[in-house]
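**Student:** For reference, this is entry_9.tsv, and it has TSV, C-alpha atoms.
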chain	number	residue	atom	x	y	z
P	884	ASP	CA	19.07	-11.65	21.51
P	885	LEU	CA	21.30	-12.00	18.45
P	886	SER	CA	18.80	-14.13	16.57
P	887	PRO	CA	16.08	-12.19	14.70
P	888	VAL	CA	13.83	-15.26	14.94
P	889	VAL	CA	13.97	-15.17	18.75
P	890	ARG	CA	13.33	-11.42	18.79
P	891	LEU	CA	10.37	-11.85	16.45
P	892	CYS	CA	8.85	-14.60	18.61
P	893	ILE	CA	9.15	-12.39	21.68
P	894	VAL	CA	7.52	-9.40	20.03
P	895	ARG	CA	4.73	-11.47	18.49
P	896	GLY	CA	4.05	-13.02	21.88
P	897	LEU	CA	2.98	-9.59	23.18
P	898	ASP	CA	-0.63	-9.88	22.05
P	899	GLU	CA	-3.72	-7.92	23.08
P	900	ARG	CA	-3.71	-9.42	26.58
P	901	TYR	CA	-0.68	-7.30	27.49
P	902	ASP	CA	-1.80	-3.99	25.95
P	903	GLY	CA	-2.82	-2.46	29.27
P	904	TYR	CA	0.58	-3.30	30.73
P	905	LEU	CA	2.54	-2.24	27.63
P	906	SER	CA	0.82	1.14	27.62
P	907	LEU	CA	2.65	2.14	30.79
P	908	LEU	CA	5.09	4.95	30.14
P	909	ASP	CA	8.15	2.95	31.25
P	910	LEU	CA	7.39	0.16	28.75
P	911	VAL	CA	6.58	2.26	25.70
P	912	ALA	CA	10.25	3.19	25.15
P	913	PRO	CA	11.44	-0.42	24.59
P	914	LEU	CA	8.72	-0.84	21.97
P	915	PHE	CA	10.05	2.17	20.07
P	916	LEU	CA	13.51	0.66	20.37
P	917	ALA	CA	12.21	-2.41	18.51
P	918	LEU	CA	11.33	-0.10	15.58
P	919	GLU	CA	15.09	0.22	15.00
P	920	ASP	CA	15.59	-3.53	14.64
P	921	GLU	CA	17.43	-4.75	11.54
P	922	ALA	CA	14.68	-7.28	10.75
P	923	LEU	CA	11.62	-5.92	8.97
P	924	ALA	CA	9.30	-8.49	10.58
P	925	VAL	CA	10.35	-7.36	14.07
P	926	ARG	CA	9.85	-3.70	13.20
P	927	ALA	CA	6.47	-4.42	11.64
P	928	SER	CA	5.26	-6.38	14.67
P	929	ALA	CA	6.45	-3.65	17.04
P	930	LEU	CA	4.61	-1.03	14.99
P	931	GLN	CA	1.40	-3.05	15.15
P	932	ILE	CA	1.72	-3.29	18.94
P	933	LEU	CA	2.29	0.46	19.20
P	934	GLY	CA	-0.82	1.01	17.10
P	935	ARG	CA	-2.86	-0.97	19.61
P	936	VAL	CA	-1.22	0.72	22.59
P	937	SER	CA	-1.93	4.17	21.11
P	938	ARG	CA	-5.64	3.61	21.79
P	939	ILE	CA	-4.91	3.30	25.50
P	940	ASN	CA	-2.10	5.83	25.92
P	941	PRO	CA	-2.12	8.18	22.92
P	942	ALA	CA	-0.15	10.92	24.67
P	943	ALA	CA	2.89	8.68	25.06
P	944	THR	CA	2.78	7.11	21.60
P	945	LEU	CA	1.18	9.28	18.89
P	946	PRO	CA	3.72	12.16	18.87
P	947	ARG	CA	6.61	9.73	18.53
P	948	LEU	CA	4.78	7.65	15.95
P	949	ARG	CA	4.16	10.79	13.91
P	950	ARG	CA	7.90	11.42	13.97
P	951	VAL	CA	8.51	7.83	12.82
P	952	LEU	CA	6.09	8.27	9.92
P	953	ILE	CA	7.75	11.50	8.81
P	954	ASP	CA	11.17	9.82	8.97
P	955	LEU	CA	9.86	7.00	6.74
P	956	ILE	CA	8.60	9.53	4.18
P	957	VAL	CA	12.01	11.25	4.21
P	958	GLU	CA	13.62	7.83	3.71
P	959	LEU	CA	11.51	7.33	0.60
P	960	GLN	CA	12.44	10.75	-0.73
P	961	CYS	CA	16.16	10.69	0.02
P	962	GLY	CA	17.13	7.13	0.88
P	963	GLY	CA	18.83	4.55	-1.30
P	964	ASP	CA	18.24	0.89	-2.05
P	965	ASP	CA	21.13	-0.60	-0.13
P	966	PHE	CA	21.55	-4.21	0.97
P	967	ARG	CA	19.07	-3.63	3.81
P	968	GLY	CA	16.36	-2.55	1.36
P	969	GLY	CA	16.00	0.93	2.85
P	970	ARG	CA	13.17	2.28	0.69
P	971	GLU	CA	11.38	-1.06	0.46
P	972	MET	CA	11.43	-1.43	4.24
P	973	ALA	CA	10.17	2.14	4.65
P	974	THR	CA	7.35	1.50	2.17
P	975	ARG	CA	6.23	-1.68	3.90
P	976	LEU	CA	6.18	0.06	7.28
P	977	ILE	CA	4.06	2.86	5.80
P	978	VAL	CA	1.64	0.14	4.63
P	979	ILE	CA	1.24	-0.88	8.28
P	980	PHE	CA	0.54	2.74	9.24
P	981	LEU	CA	-2.20	2.74	6.59
P	982	ARG	CA	-3.70	-0.61	7.61
P	983	GLU	CA	-3.80	-0.14	11.37
P	984	GLU	CA	-6.99	1.72	12.18
P	985	ALA	CA	-5.48	3.40	15.22
P	986	LEU	CA	-2.61	4.81	13.12
P	987	GLN	CA	-4.65	6.05	10.18
P	988	ARG	CA	-5.27	9.39	11.92
P	989	LEU	CA	-1.54	10.08	11.51
P	990	THR	CA	-1.47	9.33	7.79
P	991	ARG	CA	-4.45	11.41	6.59
P	992	PRO	CA	-2.72	14.82	6.87
P	993	LEU	CA	0.30	13.41	5.01
P	994	VAL	CA	-1.44	11.69	2.08
P	995	SER	CA	-0.02	14.04	-0.55
P	996	SER	CA	3.51	13.69	0.84
P	997	ILE	CA	3.27	9.91	0.85
P	998	ILE	CA	1.96	9.74	-2.73
P	999	ALA	CA	4.69	12.10	-3.94
P	1000	ALA	CA	7.39	10.03	-2.21
P	1001	LEU	CA	6.28	6.56	-3.35
P	1002	PRO	CA	8.75	5.11	-5.89
P	1003	LEU	CA	6.41	3.79	-8.59
P	1004	ALA	CA	8.60	3.82	-11.71
P	1005	GLY	CA	12.14	2.85	-12.60
P	1006	VAL	CA	12.70	0.77	-9.48
P	1007	ALA	CA	13.16	-2.90	-8.63
P	1008	PRO	CA	10.04	-5.11	-8.88
P	1009	ARG	CA	9.91	-5.71	-5.10
P	1010	LEU	CA	9.98	-1.99	-4.37
P	1011	ALA	CA	7.43	-1.23	-7.10
P	1012	THR	CA	5.12	-3.92	-5.71
P	1013	ALA	CA	5.42	-2.52	-2.18
P	1014	SER	CA	4.68	0.99	-3.49
P	1015	LEU	CA	1.58	-0.21	-5.34
P	1016	GLU	CA	0.42	-1.97	-2.18
P	1017	ALA	CA	0.83	1.28	-0.25
P	1018	LEU	CA	-1.06	3.11	-2.98
P	1019	GLY	CA	-4.02	0.76	-2.66
P	1020	GLU	CA	-4.12	1.19	1.11
P	1021	LEU	CA	-3.90	4.97	0.69
P	1022	ALA	CA	-7.04	4.97	-1.43
P	1023	ALA	CA	-8.93	3.28	1.40
P	1024	VAL	CA	-7.69	5.76	4.02
P	1025	ALA	CA	-7.59	9.08	2.18
P	1026	HIS	CA	-10.53	11.33	1.52
P	1027	ASP	CA	-11.56	11.77	-2.11
P	1028	ASP	CA	-10.33	15.34	-2.38
P	1029	SER	CA	-6.84	14.44	-1.14
P	1030	ILE	CA	-6.15	11.75	-3.72
P	1031	ASP	CA	-8.23	12.91	-6.69
P	1032	PRO	CA	-5.66	15.45	-7.96
P	1033	TRP	CA	-3.16	12.61	-8.35
P	1034	LEU	CA	-5.41	10.16	-10.19
P	1035	ARG	CA	-5.01	11.22	-13.82
P	1036	GLU	CA	-1.71	13.03	-13.34
P	1037	ARG	CA	0.30	10.15	-11.95
P	1038	LEU	CA	-1.36	7.18	-10.33
P	1039	ILE	CA	-3.43	5.47	-13.03
P	1040	SER	CA	-0.74	5.84	-15.69
P	1041	HIS	CA	1.85	4.18	-13.42
P	1042	ILE	CA	-0.56	1.41	-12.53
P	1043	LEU	CA	-1.27	0.66	-16.19
P	1044	GLU	CA	2.45	0.64	-16.89
P	1045	ASN	CA	2.95	-2.02	-14.22
P	1046	VAL	CA	-0.02	-4.04	-15.45
P	1047	GLN	CA	1.83	-4.50	-18.74
P	1048	ASP	CA	4.94	-5.93	-17.03
P	1049	GLN	CA	4.66	-9.63	-17.88
P	1050	ASN	CA	7.98	-10.36	-16.16
P	1051	SER	CA	6.33	-10.17	-12.74
P	1052	SER	CA	2.89	-11.67	-12.16
P	1053	GLN	CA	3.06	-10.40	-8.56
P	1054	LYS	CA	3.49	-6.83	-9.78
P	1055	GLN	CA	0.58	-7.27	-12.21
P	1056	ARG	CA	-1.65	-8.66	-9.46
P	1057	VAL	CA	-0.84	-5.89	-6.99
P	1058	SER	CA	-1.31	-3.27	-9.73
P	1059	LEU	CA	-4.81	-4.53	-10.47
P	1060	TRP	CA	-5.56	-4.77	-6.75
P	1061	ALA	CA	-4.41	-1.15	-6.26
P	1062	LEU	CA	-6.56	-0.02	-9.19
P	1063	GLY	CA	-9.57	-1.72	-7.61
P	1064	LYS	CA	-8.88	-0.12	-4.23
P	1065	ILE	CA	-8.57	3.33	-5.81
P	1066	ALA	CA	-11.79	2.88	-7.77
P	1067	TYR	CA	-13.65	1.65	-4.69
P	1068	GLY	CA	-12.23	4.26	-2.31
P	1069	THR	CA	-12.71	7.30	-4.56
P	1070	GLY	CA	-15.76	6.34	-6.62
P	1071	TYR	CA	-13.66	6.53	-9.79
P	1072	VAL	CA	-15.65	3.84	-11.63
P	1073	VAL	CA	-16.55	3.35	-15.31
P	1074	ARG	CA	-14.77	6.61	-16.07
P	1075	PRO	CA	-11.30	4.92	-16.19
P	1076	TYR	CA	-12.41	3.02	-19.31
P	1077	LEU	CA	-13.11	6.34	-21.03
P	1078	ASP	CA	-10.07	8.21	-19.72
P	1079	TYR	CA	-7.77	5.29	-20.56
P	1080	PRO	CA	-9.23	3.31	-23.51
P	1081	GLN	CA	-6.27	0.92	-23.39
P	1082	LEU	CA	-7.20	-0.23	-19.85
P	1083	LEU	CA	-9.82	-2.76	-20.90
P	1084	THR	CA	-7.58	-4.31	-23.55
P	1085	GLN	CA	-4.52	-4.49	-21.30
P	1086	ALA	CA	-6.38	-6.13	-18.44
P	1087	ALA	CA	-8.27	-8.53	-20.71
P	1088	ASP	CA	-5.04	-9.56	-22.46
P	1089	ILE	CA	-3.77	-10.96	-19.16
P	1090	LEU	CA	-6.39	-13.70	-19.08
P	1091	PRO	CA	-5.27	-15.83	-22.08
P	1092	THR	CA	-1.59	-15.55	-21.10
P	1093	THR	CA	-1.93	-16.71	-17.48
P	1094	LYS	CA	-3.50	-20.13	-17.86
P	1095	ARG	CA	-0.48	-21.77	-16.25
P	1096	ALA	CA	0.03	-19.01	-13.68
P	1097	SER	CA	-1.61	-18.80	-10.29
P	1098	TRP	CA	-5.34	-18.30	-10.14
P	1099	ASP	CA	-4.76	-15.19	-7.99
P	1100	LEU	CA	-3.84	-13.04	-10.98
P	1101	ARG	CA	-6.85	-14.01	-13.09
P	1102	ARG	CA	-9.13	-13.61	-10.09
P	1103	GLU	CA	-7.75	-10.10	-9.54
P	1104	VAL	CA	-8.60	-9.20	-13.15
P	1105	PHE	CA	-12.22	-10.32	-12.66
P	1106	ARG	CA	-12.40	-8.53	-9.31
P	1107	THR	CA	-11.09	-5.28	-10.78
P	1108	PHE	CA	-13.56	-5.45	-13.68
P	1109	GLY	CA	-16.34	-5.94	-11.14
P	1110	ILE	CA	-15.30	-2.87	-9.13
P	1111	LEU	CA	-14.86	-0.64	-12.18
P	1112	GLY	CA	-18.36	-1.50	-13.32
P	1113	ALA	CA	-20.04	-2.11	-16.65
P	1114	LEU	CA	-19.49	0.17	-19.61
P	1115	ASP	CA	-21.86	0.91	-22.48
P	1116	PRO	CA	-20.22	-0.80	-25.51
P	1117	ASP	CA	-21.43	1.89	-27.92
P	1118	ARG	CA	-19.95	4.65	-25.75
P	1119	PHE	CA	-16.67	2.78	-25.42
P	1120	GLY	CA	-16.52	2.18	-29.17
P	1121	SER	CA	-17.10	5.83	-29.95
P	1122	THR	CA	-14.40	6.80	-27.44
P	1123	ARG	CA	-11.85	4.52	-29.11
P	1124	LYS	CA	-12.71	5.80	-32.57
P	1125	GLY	CA	-12.37	9.35	-31.30
P	1126	GLY	CA	-8.81	8.61	-30.24
P	1127	GLY	CA	-9.16	8.76	-26.48
P	1128	LYS	CA	-10.84	10.93	-23.90
Have the structure of the file written as structure tokens, please.

**Tutor:**
Amino acid sequence: DLSPVVRLCIVRGLDERYDGYLSLLDLVAPLFLALEDEALAVRASALQILGRVSRINPAATLPRLRRVLIDLIVELQCGGDDFRGGREMATRLIVIFLREEALQRLTRPLVSSIIAALPLAGVAPRLATASLEALGELAAVAHDDSIDPWLRERLISHILENVQDQNSSQKQRVSLWALGKIAYGTGYVVRPYLDYPQLLTQAADILPTTKRASWDLRREVFRTFGILGALDPDRFGSTRKGGGK
């Protein structure tokens, strides 16, 4: 159908009741064809269906889904931000790979490649927000040893940079959410206050300036503080006087 709304309704109508039927080899191919749709919502819904179907018929789906994931990573590395939102669309589809439990087995061996490809700096706010969302989901999927080397080198510094962006409350909220997911998934708690003494001040400064903004942002600040844990004030004070780490 020419209408993306009609196509989306059709794809979303294929719920769990049809998984056994959709897992048949002859019907898997049309689902992969839907991954080439011009509408992101249609592609995302088709990917979710394929994730469910992969539990029933992994032989027919997982090899092709692995190829799709690799193509998305290449799109992030080499693609542009055209009118179709190439890199943003690729990032949001990778988020689905990370969220769907059945597809997480495909992402774990490629964690380093995904982190290296995510556009976190010098990009449009929508793309930066999508990348931070993917980063938070990665922390929940990846093992500690696969994401730890990136923490101090790249991830936390980019997150703090986005937390300071007062032009986009959505970017600030997702940045704090990603920081909380990383801390929870890797056990990197309390220590961020010592490694980055400016973190506490930057996050706390959001609260007085968002009284007229949505409650979601302030709630995310409180939630992130709760995940990072309590810090000894004397130790924090001595760290700041010492000039950092």

**Student:** Show me a table, sorted first by chain and then by increasing residue number, of the residues of stretch 992-1083 of chain P having an atom at most 9 Å from stretch 980-987 of chain P, each with its shortest atom pair and the distance in Å to one decimal, counting all atoms listed in the file and written as a tab-separated table.

**Tutor:**
residue	atom	partner	partner_atom	distance
P:Ala1017	CA	P:Leu981	CA	7.6
P:Glu1020	CA	P:Leu981	CA	6.0
P:Leu1021	CA	P:Leu981	CA	6.5
P:Ala1023	CA	P:Leu981	CA	8.5
P:Val1024	CA	P:Leu981	CA	6.8

**Student:** Go ahead and write the residues just picked, C-alpha atoms, as an mmCIF file, in the frame of the given file.

**Tutor:**
data_model
loop_
_atom_site.group_PDB
_atom_site.id
_atom_site.type_symbol
_atom_site.label_atom_id
_atom_site.label_comp_id
_atom_site.auth_asym_id
_atom_site.auth_seq_id
_atom_site.Cartn_x
_atom_site.Cartn_y
_atom_site.Cartn_z
ATOM 1 C CA ALA P 1017 0.830 1.280 -0.250
ATOM 2 C CA GLU P 1020 -4.120 1.190 1.110
ATOM 3 C CA LEU P 1021 -3.900 4.970 0.690
ATOM 4 C CA ALA P 1023 -8.930 3.280 1.400
ATOM 5 C CA VAL P 1024 -7.690 5.760 4.020
#

**Student:** Using all atoms listed in the file, can you list as an MDAnalysis selection string the residues within 10 Å of (-3.9, 0.7, -2.5)?

**Tutor:** chainID P and resid 978 981 1013:1024 1057:1066 1068

**Student:** Can you tell me which residues surround stretch 1037-1045 of chain P at a distance of at most 10 Å, considering all atoms listed in the file, apart from same-chain residues fewer than 3 positions away, and format the answer as JSON, numbers by chain?

**Tutor:** {"P": [998, 999, 1003, 1004, 1008, 1011, 1012, 1015, 1018, 1030, 1031, 1032, 1033, 1034, 1048, 1049, 1050, 1051, 1052, 1054, 1055, 1056, 1057, 1058, 1059, 1060, 1061, 1062, 1065, 1075, 1078, 1079, 1081, 1082, 1085, 1086]}

**Student:** Please compute the atom CA of P:Leu1100-atom CA of P:Gly1005 distance, one decimal, in Å.

**Tutor:** 22.6 Å

**Student:** To one decimal place in Å, what is the distance between atom CA of P:Ala1000 and atom CA of P:Glu958?

**Tutor:**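 These atoms are spaced 8.9 Å apart.
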
**Student:** Any idea what's packed within 10 Å of stretch 909-926 of chain P, counting only C-alpha atoms, ignoring anything in its chain fewer than 2 positions away? Could you give it as a PyMOL selection string?

**Tutor:** chain P and resi 886-895+904-907+928-933+936-937+940+943-944+947-948+951+967-968+971-973+975-976

**Student:** Rounded to one decimal place, report the atom CA of P:Gly1109-atom CA of P:Ala1025 distance in Å.

**Tutor:**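 Straight-line distance from atom CA of P:Gly1109 to atom CA of P:Ala1025 works out to 21.9 Å.
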